[in-house]
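Undergrad: Next comes input28.cif, mmCIF, C-alpha atoms:
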```
data_model
#
loop_
_atom_site.label_atom_id
_atom_site.label_comp_id
_atom_site.auth_asym_id
_atom_site.auth_seq_id
_atom_site.Cartn_x
_atom_site.Cartn_y
_atom_site.Cartn_z
CA MET A 1 99.37 104.98 154.98
CA LYS A 2 101.07 108.20 153.93
CA ARG A 3 99.88 109.38 150.54
CA ASN A 4 102.35 110.43 147.88
CA PHE A 5 100.89 113.77 146.85
CA GLU A 6 103.80 114.44 144.49
CA TYR A 7 102.85 111.34 142.52
CA ILE A 8 99.16 112.27 142.45
CA ASP A 9 100.00 115.76 141.17
CA ARG A 10 102.16 114.17 138.49
CA ARG A 11 99.28 111.98 137.34
CA ALA A 12 96.98 115.00 137.14
CA PHE A 13 99.57 116.90 135.14
CA LEU A 14 100.04 114.05 132.69
CA ARG A 15 96.30 113.58 132.23
CA GLY A 16 96.17 117.24 131.27
CA CYS A 17 98.78 116.54 128.60
CA GLY A 18 96.70 113.70 127.18
CA ALA A 19 98.73 110.85 128.69
CA SER A 20 97.25 108.03 130.74
CA ILE A 21 98.54 105.46 133.21
CA ALA A 22 97.02 102.00 133.12
CA LEU A 23 98.34 98.93 134.87
CA PRO A 24 97.44 95.61 133.24
CA PHE A 25 95.56 92.72 134.76
CA LEU A 26 98.31 90.49 136.14
CA GLU A 27 97.57 86.77 136.09
CA SER A 28 100.41 86.03 138.53
CA VAL A 29 98.92 88.16 141.35
CA ALA A 30 95.21 87.60 140.71
CA LYS A 31 92.87 85.47 142.80
CA PRO A 32 91.33 82.50 140.92
CA SER A 33 87.93 84.21 140.92
CA GLN A 34 89.46 87.36 139.42
CA LEU A 35 91.25 85.33 136.79
CA LEU A 36 88.08 83.54 135.72
CA ALA A 37 86.23 86.84 135.56
CA ALA A 38 88.97 88.37 133.45
CA VAL A 39 88.93 85.47 131.03
CA GLY A 40 85.20 85.86 130.63
CA LYS A 41 85.26 89.63 130.09
CA ALA A 42 88.61 90.72 128.69
CA LYS A 43 89.26 90.73 124.98
CA GLU A 44 92.57 89.15 124.09
CA PRO A 45 94.92 91.94 122.93
CA MET A 46 96.47 91.95 119.49
CA ARG A 47 100.26 91.71 119.19
CA MET A 48 102.70 92.55 116.41
CA VAL A 49 106.09 91.12 115.46
CA CYS A 50 108.14 92.52 112.56
CA ILE A 51 111.17 90.56 111.34
CA GLY A 52 113.48 92.23 108.86
CA LEU A 53 116.24 90.52 106.88
CA ASN A 54 118.60 93.35 105.99
CA TYR A 55 119.95 91.51 102.93
CA GLY A 56 116.58 90.48 101.52
CA LEU A 57 115.91 87.12 99.88
CA TYR A 58 116.94 85.74 96.49
CA PRO A 59 113.83 86.54 94.38
CA VAL A 60 114.04 83.48 92.12
CA ASP A 61 113.78 81.17 95.13
CA PHE A 62 111.18 83.20 97.02
CA PHE A 63 108.28 84.36 94.84
CA PRO A 64 105.72 81.72 93.74
CA LYS A 65 104.81 81.57 90.06
CA GLU A 66 101.11 80.89 90.71
CA THR A 67 98.66 83.07 92.64
CA GLY A 68 95.76 82.08 94.87
CA ARG A 69 95.64 79.11 97.23
CA ASP A 70 97.08 76.38 95.02
CA TYR A 71 100.48 77.90 94.39
CA GLU A 72 103.55 75.70 94.36
CA LEU A 73 105.95 76.46 97.19
CA PRO A 74 109.27 77.69 95.80
CA LYS A 75 112.52 76.66 97.44
CA LEU A 76 112.62 79.26 100.20
CA LEU A 77 108.96 78.71 101.17
CA LYS A 78 109.21 74.92 101.45
CA PRO A 79 110.17 75.12 105.16
CA LEU A 80 106.74 76.73 105.66
CA SER A 81 104.81 73.85 104.07
CA ARG A 82 103.16 72.79 107.36
CA MET A 83 102.15 76.41 108.00
CA ARG A 84 101.04 77.44 104.53
CA ASP A 85 97.43 77.91 105.71
CA GLU A 86 98.72 80.34 108.35
CA ILE A 87 100.64 82.63 105.98
CA THR A 88 100.04 85.01 103.09
CA VAL A 89 102.82 85.66 100.57
CA PHE A 90 102.84 89.00 98.72
CA SER A 91 104.35 89.92 95.37
CA HIS A 92 104.99 93.34 93.80
CA LEU A 93 104.64 95.40 96.96
CA ASP A 94 107.31 97.96 97.74
CA HIS A 95 107.82 101.58 98.77
CA PRO A 96 107.28 103.83 95.73
CA GLY A 97 110.19 106.09 94.90
CA ILE A 98 112.58 104.44 97.36
CA LYS A 99 116.00 103.54 96.05
CA GLY A 100 119.53 103.40 97.37
CA GLY A 101 120.17 99.72 98.03
CA HIS A 102 121.55 99.11 101.52
CA GLU A 103 121.15 102.79 102.38
CA ALA A 104 117.38 102.44 101.92
CA VAL A 105 116.82 99.20 103.87
CA HIS A 106 115.79 101.25 106.92
CA THR A 107 112.57 102.18 105.07
CA PHE A 108 111.27 98.60 105.50
CA LEU A 109 108.71 99.45 108.21
CA SER A 110 108.11 103.11 107.32
CA GLY A 111 108.25 103.54 103.55
CA ILE A 112 110.07 106.83 104.14
CA MET A 113 113.75 107.71 103.78
CA ALA A 114 115.18 109.24 106.95
CA ASP A 115 116.87 112.10 105.10
CA GLY A 116 113.66 113.04 103.30
CA SER A 117 111.27 113.08 106.23
CA LYS A 118 112.00 116.36 108.02
CA ALA A 119 108.82 118.08 106.84
CA MET A 120 106.55 115.14 107.74
CA PRO A 121 104.49 115.32 110.95
CA GLU A 122 105.70 111.89 112.09
CA ARG A 123 109.00 111.85 110.24
CA ASN A 124 109.87 108.26 109.27
CA ILE A 125 108.15 106.52 112.19
CA THR A 126 108.06 102.76 111.73
CA MET A 127 104.93 100.65 111.90
CA ASP A 128 105.97 98.91 115.10
CA GLN A 129 106.41 102.25 116.89
CA LYS A 130 103.04 103.44 115.64
CA ALA A 131 101.54 100.31 117.22
CA ALA A 132 103.58 100.81 120.39
CA GLU A 133 102.24 104.34 120.80
CA PHE A 134 98.73 102.90 120.65
CA SER A 135 99.30 100.12 123.19
CA GLY A 136 100.96 102.63 125.53
CA VAL A 137 101.93 101.53 129.04
CA GLU A 138 99.76 98.43 129.28
CA THR A 139 102.85 96.22 129.31
CA ARG A 140 106.24 96.48 130.99
CA TYR A 141 107.83 97.32 127.65
CA GLY A 142 105.87 99.34 125.12
CA SER A 143 107.97 97.65 122.47
CA MET A 144 111.15 95.62 122.24
CA GLN A 145 113.80 96.09 119.57
CA ILE A 146 116.15 93.20 118.82
CA GLY A 147 119.15 93.25 116.49
CA ILE A 148 120.73 89.95 115.52
CA GLY A 149 124.08 90.86 114.06
CA GLY A 150 123.44 94.47 115.06
CA GLY A 151 120.65 95.37 112.65
CA GLY A 152 117.85 97.59 114.01
CA LEU A 153 114.48 98.30 112.34
CA SER A 154 112.68 100.89 114.48
CA TRP A 155 112.44 104.68 114.25
CA THR A 156 110.47 107.08 116.44
CA ARG A 157 108.06 109.76 115.24
CA ASN A 158 110.94 112.23 115.57
CA GLY A 159 113.06 110.26 113.13
CA VAL A 160 115.38 108.80 115.76
CA ALA A 161 116.71 105.26 115.29
CA ILE A 162 116.06 103.07 118.36
CA PRO A 163 119.13 101.02 119.37
CA PRO A 164 118.29 97.31 119.47
CA VAL A 165 119.19 94.73 122.09
CA THR A 166 121.92 92.59 120.56
CA ARG A 167 122.85 90.22 123.42
CA LEU A 168 120.80 87.22 124.55
CA GLN A 169 121.72 87.71 128.21
CA THR A 170 120.59 91.36 128.11
CA LEU A 171 117.23 90.37 126.62
CA PHE A 172 116.68 87.52 129.07
CA ASP A 173 117.55 89.73 132.05
CA ALA A 174 115.21 92.48 130.88
CA LEU A 175 112.36 89.99 130.65
CA PHE A 176 112.87 87.75 133.66
CA LEU A 177 115.67 88.85 136.02
CA GLU A 178 114.35 90.69 139.08
CA THR A 179 115.93 94.04 139.89
CA SER A 180 117.69 94.21 143.24
CA GLU A 181 116.20 96.42 145.95
CA SER A 182 119.20 98.73 145.98
CA LYS A 183 118.98 99.22 142.23
CA ARG A 184 115.23 99.83 142.48
CA ARG A 185 115.85 102.64 144.96
CA ARG A 186 118.46 104.19 142.69
CA MET A 187 116.15 103.92 139.69
CA SER A 188 113.25 105.42 141.64
CA GLU A 189 115.36 108.43 142.64
CA SER A 190 116.50 108.78 139.05
CA TYR A 191 112.90 108.79 137.81
CA LYS A 192 112.01 111.53 140.33
CA LEU A 193 114.97 113.63 139.29
CA ASN A 194 114.19 113.22 135.60
CA LYS A 195 110.55 114.06 136.30
CA SER A 196 111.58 117.33 137.96
CA ILE A 197 113.90 118.22 135.09
CA LEU A 198 111.17 117.53 132.54
CA ASP A 199 108.73 119.72 134.45
CA VAL A 200 111.16 122.65 134.32
CA VAL A 201 111.94 122.07 130.63
CA HIS A 202 108.24 121.83 129.83
CA GLU A 203 107.48 125.12 131.62
CA ASP A 204 110.36 126.93 129.91
CA ALA A 205 109.36 125.62 126.50
CA ALA A 206 105.74 126.62 127.04
CA ALA A 207 106.81 130.15 127.97
CA LEU A 208 109.08 130.33 124.94
CA LYS A 209 106.22 129.34 122.65
CA LYS A 210 104.55 132.70 123.28
CA ARG A 211 107.57 134.65 122.01
CA ILE A 212 108.90 132.81 118.96
CA SER A 213 108.10 133.28 115.29
CA ARG A 214 105.68 131.11 113.37
CA ASN A 215 108.59 129.51 111.50
CA ASP A 216 110.00 128.20 114.77
CA LEU A 217 106.70 126.78 116.04
CA ASP A 218 107.11 123.53 114.11
CA LYS A 219 110.53 122.97 115.66
CA LEU A 220 109.15 123.64 119.13
CA ASP A 221 106.17 121.33 118.56
CA GLU A 222 108.64 118.61 117.61
CA TYR A 223 110.50 119.38 120.83
CA PHE A 224 107.27 119.01 122.85
CA THR A 225 106.72 115.67 121.16
CA SER A 226 110.16 114.56 122.29
CA ILE A 227 109.35 115.59 125.87
CA ARG A 228 106.09 113.65 125.80
CA GLU A 229 107.91 110.55 124.55
CA VAL A 230 110.39 110.78 127.41
CA GLU A 231 107.54 111.34 129.89
CA ASP A 232 105.70 108.27 128.62
CA ARG A 233 108.80 106.10 128.97
CA LEU A 234 109.42 107.52 132.44
CA ILE A 235 105.87 106.76 133.56
CA GLN A 236 106.07 103.28 132.11
CA SER A 237 109.33 102.49 133.89
CA ALA A 238 108.16 103.91 137.22
CA SER A 239 104.80 102.12 137.04
CA TRP A 240 106.44 98.73 136.57
CA LEU A 241 109.40 99.22 138.92
CA ARG A 242 107.88 97.20 141.78
CA THR A 243 105.78 94.83 139.72
CA PRO A 244 107.35 91.34 139.83
CA LYS A 245 108.60 90.01 136.53
CA PRO A 246 107.00 86.80 135.20
CA LYS A 247 108.38 83.40 136.15
CA VAL A 248 109.20 80.96 133.36
CA ASP A 249 110.78 77.52 133.26
CA TYR A 250 113.04 78.50 130.37
CA ARG A 251 116.73 79.10 131.03
CA LEU A 252 119.45 80.24 128.68
CA PRO A 253 121.86 77.50 127.60
CA GLN A 254 124.69 76.98 130.10
CA SER A 255 127.12 77.33 127.25
CA MET A 256 125.95 80.54 125.58
CA PRO A 257 125.72 80.47 121.78
CA ASP A 258 128.80 81.99 120.21
CA ASN A 259 127.75 81.92 116.57
CA PHE A 260 124.87 83.02 114.35
CA TYR A 261 123.54 79.49 113.75
CA GLU A 262 123.04 78.78 117.46
CA GLU A 263 122.03 82.30 118.47
CA VAL A 264 119.07 82.93 116.15
CA PRO A 265 116.79 80.14 117.53
CA VAL A 266 117.34 81.36 121.10
CA PHE A 267 116.36 84.92 120.16
CA TYR A 268 113.15 83.56 118.61
CA GLU A 269 112.38 81.59 121.79
CA LEU A 270 112.80 84.69 123.94
CA MET A 271 110.57 86.63 121.56
CA LYS A 272 107.85 84.02 121.99
CA LEU A 273 108.17 84.14 125.78
CA ALA A 274 108.04 87.95 125.75
CA LEU A 275 104.67 87.75 123.98
CA GLN A 276 103.37 84.82 126.01
CA THR A 277 104.09 86.59 129.33
CA ASP A 278 102.62 89.84 128.00
CA SER A 279 105.89 91.62 128.75
CA THR A 280 105.37 93.46 125.47
CA ARG A 281 102.94 93.36 122.57
CA VAL A 282 105.22 94.84 119.94
CA ILE A 283 108.56 93.38 118.83
CA SER A 284 110.86 94.27 115.96
CA CYS A 285 113.80 92.05 115.07
CA GLY A 286 116.39 93.08 112.51
CA ILE A 287 118.66 90.31 111.23
CA ASP A 288 122.00 91.30 109.74
CA GLY A 289 125.24 89.38 109.22
CA TRP A 290 127.73 88.00 111.69
CA ASN A 291 131.19 88.56 113.04
CA GLY A 292 133.57 85.61 112.80
CA ASP A 293 132.25 82.15 111.96
CA SER A 294 128.53 81.87 111.18
CA GLY A 295 128.34 78.29 112.44
CA LEU A 296 126.09 77.43 109.49
CA PRO A 297 127.12 74.07 107.99
CA GLY A 298 128.27 74.55 104.41
CA VAL A 299 128.79 78.33 104.69
CA SER A 300 132.38 79.53 104.57
CA GLN A 301 131.97 83.12 103.37
CA GLY A 302 130.32 86.32 104.59
CA TYR A 303 126.59 86.94 104.23
CA HIS A 304 126.94 90.30 102.48
CA PHE A 305 129.58 88.95 100.11
CA LEU A 306 127.33 86.05 99.13
CA THR A 307 124.36 88.31 98.37
CA HIS A 308 126.46 89.83 95.58
CA HIS A 309 126.60 86.45 93.91
CA GLY A 310 126.72 87.50 90.26
CA HIS A 311 124.88 84.20 89.58
CA ASP A 312 127.97 82.28 90.61
CA ALA A 313 126.81 78.73 91.43
CA GLU A 314 128.93 78.27 94.58
CA ARG A 315 127.92 81.63 96.05
CA LEU A 316 124.24 80.93 95.32
CA LYS A 317 124.56 77.54 96.99
CA GLN A 318 125.90 79.08 100.20
CA LEU A 319 123.41 81.95 100.07
CA SER A 320 120.60 79.42 99.76
CA ILE A 321 121.80 77.66 102.92
CA ILE A 322 121.60 80.96 104.83
CA GLU A 323 118.20 81.97 103.50
CA SER A 324 116.70 78.50 103.98
CA PHE A 325 117.92 78.63 107.56
CA HIS A 326 116.11 81.95 108.08
CA MET A 327 112.89 80.54 106.67
CA ARG A 328 113.12 77.39 108.82
CA GLU A 329 113.55 79.48 111.96
CA PHE A 330 110.67 81.76 110.95
CA ALA A 331 108.48 78.69 110.33
CA ARG A 332 109.41 77.23 113.72
CA PHE A 333 108.62 80.56 115.40
CA ILE A 334 105.11 80.90 114.00
CA GLU A 335 104.43 77.20 114.64
CA ASN A 336 105.45 77.69 118.27
CA LEU A 337 103.11 80.70 118.47
CA LYS A 338 100.32 78.57 117.04
CA ASN A 339 100.90 75.90 119.67
CA ALA A 340 101.09 78.42 122.52
CA GLN A 341 97.89 79.44 124.28
CA SER A 342 96.63 82.94 125.00
CA LEU A 343 94.78 83.78 128.22
CA ASP A 344 91.40 83.34 126.52
CA GLY A 345 92.37 79.84 125.35
CA SER A 346 92.95 80.79 121.72
CA SER A 347 96.17 80.28 119.82
CA LEU A 348 98.79 82.95 120.46
CA LEU A 349 99.35 83.14 116.70
CA GLU A 350 95.70 84.04 116.16
CA ASN A 351 96.32 87.11 118.31
CA THR A 352 99.77 87.92 116.93
CA MET A 353 100.41 89.28 113.45
CA VAL A 354 103.91 88.41 112.29
CA LEU A 355 105.43 90.22 109.32
CA ALA A 356 108.65 88.89 107.81
CA GLY A 357 110.44 90.54 104.93
CA SER A 358 112.97 93.16 103.99
CA GLY A 359 113.50 96.66 102.70
CA MET A 360 115.78 95.05 100.11
CA GLY A 361 114.25 93.42 97.04
CA ASN A 362 117.39 92.10 95.36
CA ALA A 363 120.66 92.59 97.21
CA SER A 364 122.76 91.45 94.26
CA SER A 365 121.60 94.42 92.18
CA HIS A 366 121.00 96.75 95.15
CA SER A 367 117.32 96.97 94.20
CA ASN A 368 114.61 98.05 96.65
CA ARG A 369 111.81 97.00 94.31
CA ASP A 370 109.40 94.05 94.80
CA LEU A 371 110.02 93.43 98.49
CA PRO A 372 109.76 89.85 99.79
CA LEU A 373 106.91 89.95 102.33
CA ILE A 374 105.09 87.27 104.32
CA LEU A 375 102.33 87.85 106.87
CA ALA A 376 101.28 85.21 109.41
CA GLY A 377 98.61 85.10 112.11
CA GLY A 378 96.71 88.08 113.48
CA GLY A 379 93.29 86.64 112.66
CA PHE A 380 93.66 87.34 108.93
CA ARG A 381 92.44 84.77 106.40
CA HIS A 382 95.62 83.21 105.07
CA GLY A 383 96.74 80.47 102.70
CA GLU A 384 97.28 82.47 99.50
CA HIS A 385 99.92 84.05 97.32
CA LYS A 386 98.65 87.53 96.48
CA ASP A 387 100.12 89.42 93.54
CA TYR A 388 99.71 93.18 93.12
CA PRO A 389 101.07 94.12 89.68
CA LYS A 390 101.16 97.71 88.52
CA LYS A 391 97.93 99.34 87.38
CA GLY A 392 99.16 101.65 84.66
CA ASN A 393 102.13 103.43 86.23
CA ARG A 394 100.84 102.95 89.76
CA GLN A 395 102.42 100.44 92.12
CA THR A 396 100.55 99.22 95.20
CA PRO A 397 102.52 100.52 98.20
CA ALA A 398 103.62 98.08 100.89
CA CYS A 399 102.33 100.70 103.33
CA ASN A 400 98.78 99.70 102.28
CA LEU A 401 99.52 96.38 103.97
CA TYR A 402 100.78 98.26 107.01
CA VAL A 403 97.56 100.29 107.24
CA SER A 404 95.58 97.04 107.25
CA MET A 405 97.84 95.64 109.98
CA LEU A 406 97.61 98.76 112.13
CA GLN A 407 93.84 98.76 111.82
CA ARG A 408 93.77 95.13 112.93
CA PHE A 409 95.98 96.15 115.86
CA GLY A 410 93.25 98.60 116.87
CA LEU A 411 94.28 101.96 115.42
CA GLU A 412 91.59 104.04 113.73
CA ILE A 413 93.71 105.31 110.85
CA ASP A 414 93.33 105.49 107.09
CA GLU A 415 96.92 106.21 106.08
CA PHE A 416 100.49 105.45 107.03
CA GLY A 417 103.74 106.32 105.28
CA THR A 418 103.17 106.27 101.53
CA SER A 419 99.88 104.37 101.65
CA THR A 420 96.98 105.02 99.32
CA GLY A 421 94.50 103.06 101.45
CA THR A 422 94.20 99.56 102.87
CA LEU A 423 95.42 96.48 101.00
CA GLU A 424 92.77 95.08 98.68
CA GLY A 425 91.84 91.45 99.21
CA LEU A 426 93.32 91.10 102.70
CA VAL A 427 90.68 90.16 105.29
#
```
Would you mind writing the structure in this file as structure tokens?

TA:
Amino acid sequence: MKRNFEYIDRRAFLRGCGASIALPFLESVAKPSQLLAAVGKAKEPMRMVCIGLNYGLYPVDFFPKETGRDYELPKLLKPLSRMRDEITVFSHLDHPGIKGGHEAVHTFLSGIMADGSKAMPERNITMDQKAAEFSGVETRYGSMQIGIGGGGLSWTRNGVAIPPVTRLQTLFDALFLETSESKRRRMSESYKLNKSILDVVHEDAAALKKRISRNDLDKLDEYFTSIREVEDRLIQSASWLRTPKPKVDYRLPQSMPDNFYEEVPVFYELMKLALQTDSTRVISCGIDGWNGDSGLPGVSQGYHFLTHHGHDAERLKQLSIIESFHMREFARFIENLKNAQSLDGSSLLENTMVLAGSGMGNASSHSNRDLPLILAGGGFRHGEHKDYPKKGNRQTPACNLYVSMLQRFGLEIDEFGTSTGTLEGLV
């Protein structure tokens, strides 16, 4: 067989840059003896799902009054009653110094405002992207970004917002629809062309580095980081181009959902399948409003409008219907993960940490304080409501929780965003 020396040289070049190429163990193409050996030896990977409600949750109906294990479930947590031993509810965590209402919601997974992050080494990178960098090219998709109603959550280390997938058909096709041979050839040629362009750009930038001032070095280093990100995505795409996609029994409804009420559960089902097939290990899902009719029984007005309720009884009633719906779907999602099995026979939820919350504390007053946060799964000990009130003038940053999650994911880090350490009491 003719060897592809161009590809081998490319691998050597990338290794020199600190990148690596690793194909995963594929259950669908393994012999039974290989599969049994893998089950006996391989450690089940950790996964991460981050779900962000861009309009927050009504605080009165969300936060429990009691702490510890014997707290009474408030209205919005009642849909989680069967899963209360699988979740931890947090109070008084937020991102210190962050304000701006809707304009600051994007800080949910980073703790950093986009317009104030230029001098930071990783800008306002979000937690999911930090995890995705760690998991690398072990899955077809390093991470998946979903936007229900158009809302995205993820930002790269260069401070670039990642556009989310907003259509069910697009998500399903990315996960399970095989690429035609003609398209594969076109994509392969495109990868080769992009590889050649990147090589030239990399060489020119390296030469330029010897001639520029110290003040420009930071900008050029950021540019090199951008090149490496593109290279990693290029390698990942090329590596998986001829790997068959997983086969599943699930099919999209013949009559595609045309409203928010019907669409959200299908997105959750596809998210579960993405994890179960190991198509990705990192998912972010931003949930915004809707265009047209929501389809939610009893809701006749817009989501954003209802969040500015002014304590009006009718608006609060409709808002409660929306938020209870979100919590029911979240509860169903984590219950489905609990009932799904990982390769090693354990529950998929045990190997998947699921964070649900918002960068908005109280949408009615445009407050970004006291974020509503719930963590499920991931092998943590759950079942409690944990309260972190101020100690003097010092608030416990939500990023302390994120450090604990990233460590559980496998990263050897001590800080992230505005953290001051790990989150006390979370094991």

Undergrad: Using all atoms listed in the file, which of the listed residues (A:Leu406, A:Leu275, A:Cys285, A:Ala363) sits closest to Leu343 in chain A?

TA: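 Using all atoms listed in the file, Leu343 in chain A sits closest to A:Leu275.
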
Undergrad: Have a look at A:Thr243, A:Lys386, A:Ala119, A:Pro96 and name the one nearest to Thr67 in chain A; count only C-alpha atoms.

TA: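 Among A:Thr243, A:Lys386, A:Ala119, A:Pro96, it is A:Lys386 that comes nearest to Thr67 in chain A.
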
Undergrad: Ranking A:Pro246, A:Gly377, A:Gly151, A:Gly111 by minimum distance to Cys399 in chain A and counting only C-alpha atoms, which one comes first?

TA: A:Gly111

Undergrad: Can you work out which one of A:Asp85, A:Glu103, A:Glu122, A:Asp249 has the shortest atom-to-atom distance to Leu273 in chain A, counting only C-alpha atoms?

TA: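 Counting only C-alpha atoms, the residue closest to Leu273 in chain A is A:Asp249.
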
Undergrad: Quote the spacing between CA of Ile334 in chain A and CA of Gln276 in chain A in Å to one decimal place.

TA: 12.8 Å

Undergrad: Could you list, as number ranges by chain, every residue matched by the PyMOL selection byres ((chain A and resi 421) around 10) in this structure?

TA: A: 396-397, 399-404, 413-416, 418-420, 422-424
